[in-house]
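Below is one structure, written out as structure tokens; comments come after it.
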Amino acid sequence: QVQPVESGGQLVQAGGSLRLSCAVSGRTSTWLAMGWFRQGPGKERKFVAAINWTGRRTTYDDSVKGRFTVSRDNAKNTVYLQMNNLRPEDTADYYCAAQTVWRTGRGFEETRAPADYDYWGQGTQVTVSS
């Protein structure tokens, strides 16, 4: 099993920056990709960004492209989400998730649904004030 644990969420003003961390324990050699999702109040959980197991490929939702950056530190088994130029609409609970099983016929860029990920953290809250 793989266990992600998120941290770093807090209240920030619009235009500010935050870095979320996702510490991954367990069988870390088995994960194929790590994804970040977010869920606002009364909304469904949505894809934000992902990084593949080599760290060489990343993908982003259009709403965060150019503002958010996903990265990983193999030595620390940690994945990061650097969020810049935050907007009130970025307010949400942010979740880190691990994909450990190949989705047949679908590549890295295509696996963006919550169902494409196998292990989830508990989430960290980000609030952006206007």
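By convention in this document, the chains of the structure tokens carry letters A, B, ... by their order, each chain's residues are numbered from 1, and ligands are numbered from 1 in the order they are shown.
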message: Let's see if you can do this: from backbone DSSP, list all helix (DSSP H, G or I) residues in chain A, as a count of residues only.
response: 15
Would you list the contacts of segment 81-92 of chain A as a tab-separated table (two decimals) with N, CA, C and O atoms, in the first residue's frame, taking every protein, DNA or RNA residue within 9 Å and counting only C-alpha atoms, but skipping same-chain residues closer than 4 positions in sequence?
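Saved file part29.tsv follows:
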```tsv
chain	number	residue	atom	x	y	z
A	12	VAL	N	-4.65	32.41	2.80
A	12	VAL	CA	-3.72	33.28	2.10
A	12	VAL	C	-4.53	34.32	1.32
A	12	VAL	O	-5.67	34.07	0.93
A	13	GLN	N	-3.94	35.48	1.11
A	13	GLN	CA	-4.62	36.52	0.34
A	13	GLN	C	-4.50	36.26	-1.16
A	13	GLN	O	-3.52	35.64	-1.61
A	14	ALA	N	-5.46	36.76	-1.90
A	14	ALA	CA	-5.40	36.64	-3.35
A	14	ALA	C	-4.10	37.24	-3.87
A	14	ALA	O	-3.64	38.29	-3.39
A	15	GLY	N	-3.50	36.55	-4.83
A	15	GLY	CA	-2.21	36.97	-5.37
A	15	GLY	C	-1.03	36.36	-4.66
A	15	GLY	O	0.11	36.46	-5.14
A	16	GLY	N	-1.28	35.73	-3.52
A	16	GLY	CA	-0.21	35.12	-2.75
A	16	GLY	C	0.17	33.74	-3.24
A	16	GLY	O	-0.35	33.25	-4.25
A	17	SER	N	1.09	33.11	-2.52
A	17	SER	CA	1.62	31.79	-2.89
A	17	SER	C	1.56	30.84	-1.72
A	17	SER	O	1.61	31.26	-0.55
A	18	LEU	N	1.47	29.57	-2.02
A	18	LEU	CA	1.53	28.50	-1.04
A	18	LEU	C	2.23	27.31	-1.68
A	18	LEU	O	2.14	27.12	-2.89
A	19	ARG	N	2.90	26.51	-0.84
A	19	ARG	CA	3.42	25.24	-1.33
A	19	ARG	C	2.83	24.12	-0.49
A	19	ARG	O	3.02	24.08	0.73
A	20	LEU	N	2.13	23.24	-1.15
A	20	LEU	CA	1.59	22.06	-0.49
A	20	LEU	C	2.59	20.92	-0.62
A	20	LEU	O	3.26	20.80	-1.65
A	21	SER	N	2.64	20.10	0.42
A	21	SER	CA	3.52	18.93	0.40
A	21	SER	C	2.68	17.67	0.54
A	21	SER	O	1.64	17.68	1.20
A	22	CYS	N	3.17	16.60	-0.06
A	22	CYS	CA	2.53	15.30	0.06
A	22	CYS	C	3.62	14.28	0.36
A	22	CYS	O	4.40	13.90	-0.53
A	36	TRP	N	-2.69	15.66	-7.81
A	36	TRP	CA	-3.31	16.60	-6.88
A	36	TRP	C	-4.72	16.89	-7.40
A	36	TRP	O	-4.93	17.15	-8.59
A	38	ARG	N	-8.65	18.81	-6.08
A	38	ARG	CA	-9.24	19.73	-5.12
A	38	ARG	C	-10.75	19.62	-5.16
A	38	ARG	O	-11.34	19.24	-6.17
A	39	GLN	N	-11.32	19.96	-4.01
A	39	GLN	CA	-12.77	19.88	-3.88
A	39	GLN	C	-13.26	21.08	-3.10
A	39	GLN	O	-12.95	21.23	-1.92
A	40	GLY	N	-14.00	21.95	-3.79
A	40	GLY	CA	-14.57	23.12	-3.13
A	40	GLY	C	-15.87	22.76	-2.44
A	40	GLY	O	-16.44	21.69	-2.67
A	41	PRO	N	-16.38	23.66	-1.59
A	41	PRO	CA	-17.63	23.41	-0.86
A	41	PRO	C	-18.78	23.11	-1.82
A	41	PRO	O	-19.06	23.89	-2.73
A	49	ALA	N	-3.36	18.62	-10.98
A	49	ALA	CA	-2.06	18.39	-11.60
A	49	ALA	C	-1.58	16.98	-11.28
A	49	ALA	O	-2.07	16.36	-10.34
A	64	VAL	N	-5.21	26.03	-13.82
A	64	VAL	CA	-4.04	26.31	-12.97
A	64	VAL	C	-2.76	26.39	-13.78
A	64	VAL	O	-1.70	26.73	-13.23
A	66	GLY	N	0.33	27.48	-15.68
A	66	GLY	CA	1.07	28.72	-15.60
A	66	GLY	C	1.13	29.32	-14.20
A	66	GLY	O	1.93	30.23	-13.94
A	67	ARG	N	0.30	28.83	-13.29
A	67	ARG	CA	0.32	29.33	-11.91
A	67	ARG	C	0.78	28.26	-10.93
A	67	ARG	O	1.43	28.59	-9.92
A	68	PHE	N	0.46	27.02	-11.17
A	68	PHE	CA	0.82	25.92	-10.26
A	68	PHE	C	1.92	25.07	-10.89
A	68	PHE	O	1.97	24.90	-12.12
A	69	THR	N	2.78	24.52	-10.03
A	69	THR	CA	3.83	23.63	-10.50
A	69	THR	C	3.90	22.41	-9.58
A	69	THR	O	4.00	22.57	-8.35
A	70	VAL	N	3.87	21.23	-10.17
A	70	VAL	CA	4.00	20.00	-9.40
A	70	VAL	C	5.43	19.48	-9.56
A	70	VAL	O	6.00	19.54	-10.65
A	71	SER	N	5.99	18.99	-8.47
A	71	SER	CA	7.35	18.47	-8.50
A	71	SER	C	7.49	17.36	-7.47
A	71	SER	O	6.58	17.14	-6.66
A	72	ARG	N	8.63	16.67	-7.48
A	72	ARG	CA	8.85	15.61	-6.51
A	72	ARG	C	10.29	15.61	-6.05
A	72	ARG	O	11.18	16.02	-6.79
A	124	THR	N	-5.86	18.80	2.69
A	124	THR	CA	-5.41	19.99	3.42
A	124	THR	C	-6.18	21.18	2.85
A	124	THR	O	-6.39	21.28	1.65
A	125	GLN	N	-6.62	22.06	3.75
A	125	GLN	CA	-7.51	23.13	3.35
A	125	GLN	C	-6.75	24.37	2.93
A	125	GLN	O	-5.87	24.86	3.64
A	126	VAL	N	-7.13	24.90	1.77
A	126	VAL	CA	-6.57	26.14	1.26
A	126	VAL	C	-7.72	27.15	1.12
A	126	VAL	O	-8.72	26.85	0.47
A	127	THR	N	-7.54	28.30	1.74
A	127	THR	CA	-8.54	29.36	1.64
A	127	THR	C	-7.86	30.61	1.11
A	127	THR	O	-6.86	31.07	1.68
A	128	VAL	N	-8.40	31.15	0.03
A	128	VAL	CA	-7.84	32.35	-0.58
A	128	VAL	C	-8.84	33.49	-0.40
A	128	VAL	O	-9.97	33.42	-0.91
A	129	SER	N	-8.43	34.50	0.33
A	129	SER	CA	-9.32	35.62	0.59
A	129	SER	C	-9.12	36.70	-0.47
A	129	SER	O	-8.02	36.92	-0.95
A	130	SER	N	-10.20	37.40	-0.79
A	130	SER	CA	-10.14	38.45	-1.83
A	130	SER	C	-9.78	39.79	-1.22
A	130	SER	O	-9.75	39.97	-0.01
```
query: For Gln99 of chain A, which of A:Asn74, A:Ser25, A:Trp53, A:Lys65 is the closest residue, counting only C-alpha atoms?
result: A:Trp53
Distance query Thr100 of chain A at most 6 Å, only C-alpha atoms, self and fewer than 3 positions along chain excluded, as a short mmCIF file (atom, residue, chain, number, x, y, z; two decimals) with C-alpha atoms, in the first residue's frame:
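For reference, out-v4.cif as written:
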```cif
data_model
loop_
_atom_site.label_atom_id
_atom_site.label_comp_id
_atom_site.auth_asym_id
_atom_site.auth_seq_id
_atom_site.Cartn_x
_atom_site.Cartn_y
_atom_site.Cartn_z
CA THR A 30 4.95 1.01 -6.84
CA TRP A 31 3.38 4.33 -7.67
CA LEU A 32 3.02 5.23 -11.33
#
```
field: Proximity to Val48 of chain A - best of A:Leu11, A:Val5, A:Met34, A:Ala23, only C-alpha atoms
entry: A:Met34
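Closest approach to Tyr117 of chain A from the set A:Tyr80, A:Phe47, A:Thr54, A:Thr59 is made by A:Phe47, with distances taken over only C-alpha atoms.
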Selected residue, from A:Ala75, A:Ala97, A:Gly123, A:Ala33, that lies nearest to Glu109 of chain A when counting only C-alpha atoms: A:Ala33
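For the set A:Gly42, A:Gly121, A:Gly26, A:Gly35, the residue with the smallest atom-to-atom gap to Gln1 of chain A is A:Gly26, counting only C-alpha atoms.
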message: Please extract the residues of chain A with a backbone DSSP assignment of strand (DSSP E or B) and present them as an MDAnalysis selection string.
response: chainID A and resid 2:7 11:13 18:26 33:39 46:52 58:60 68:73 78:83 92:99 119:120 124:129
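As for atom CA of Arg56 of chain A and atom CA of Gly8 of chain A, they are spaced 24.0 Å apart.
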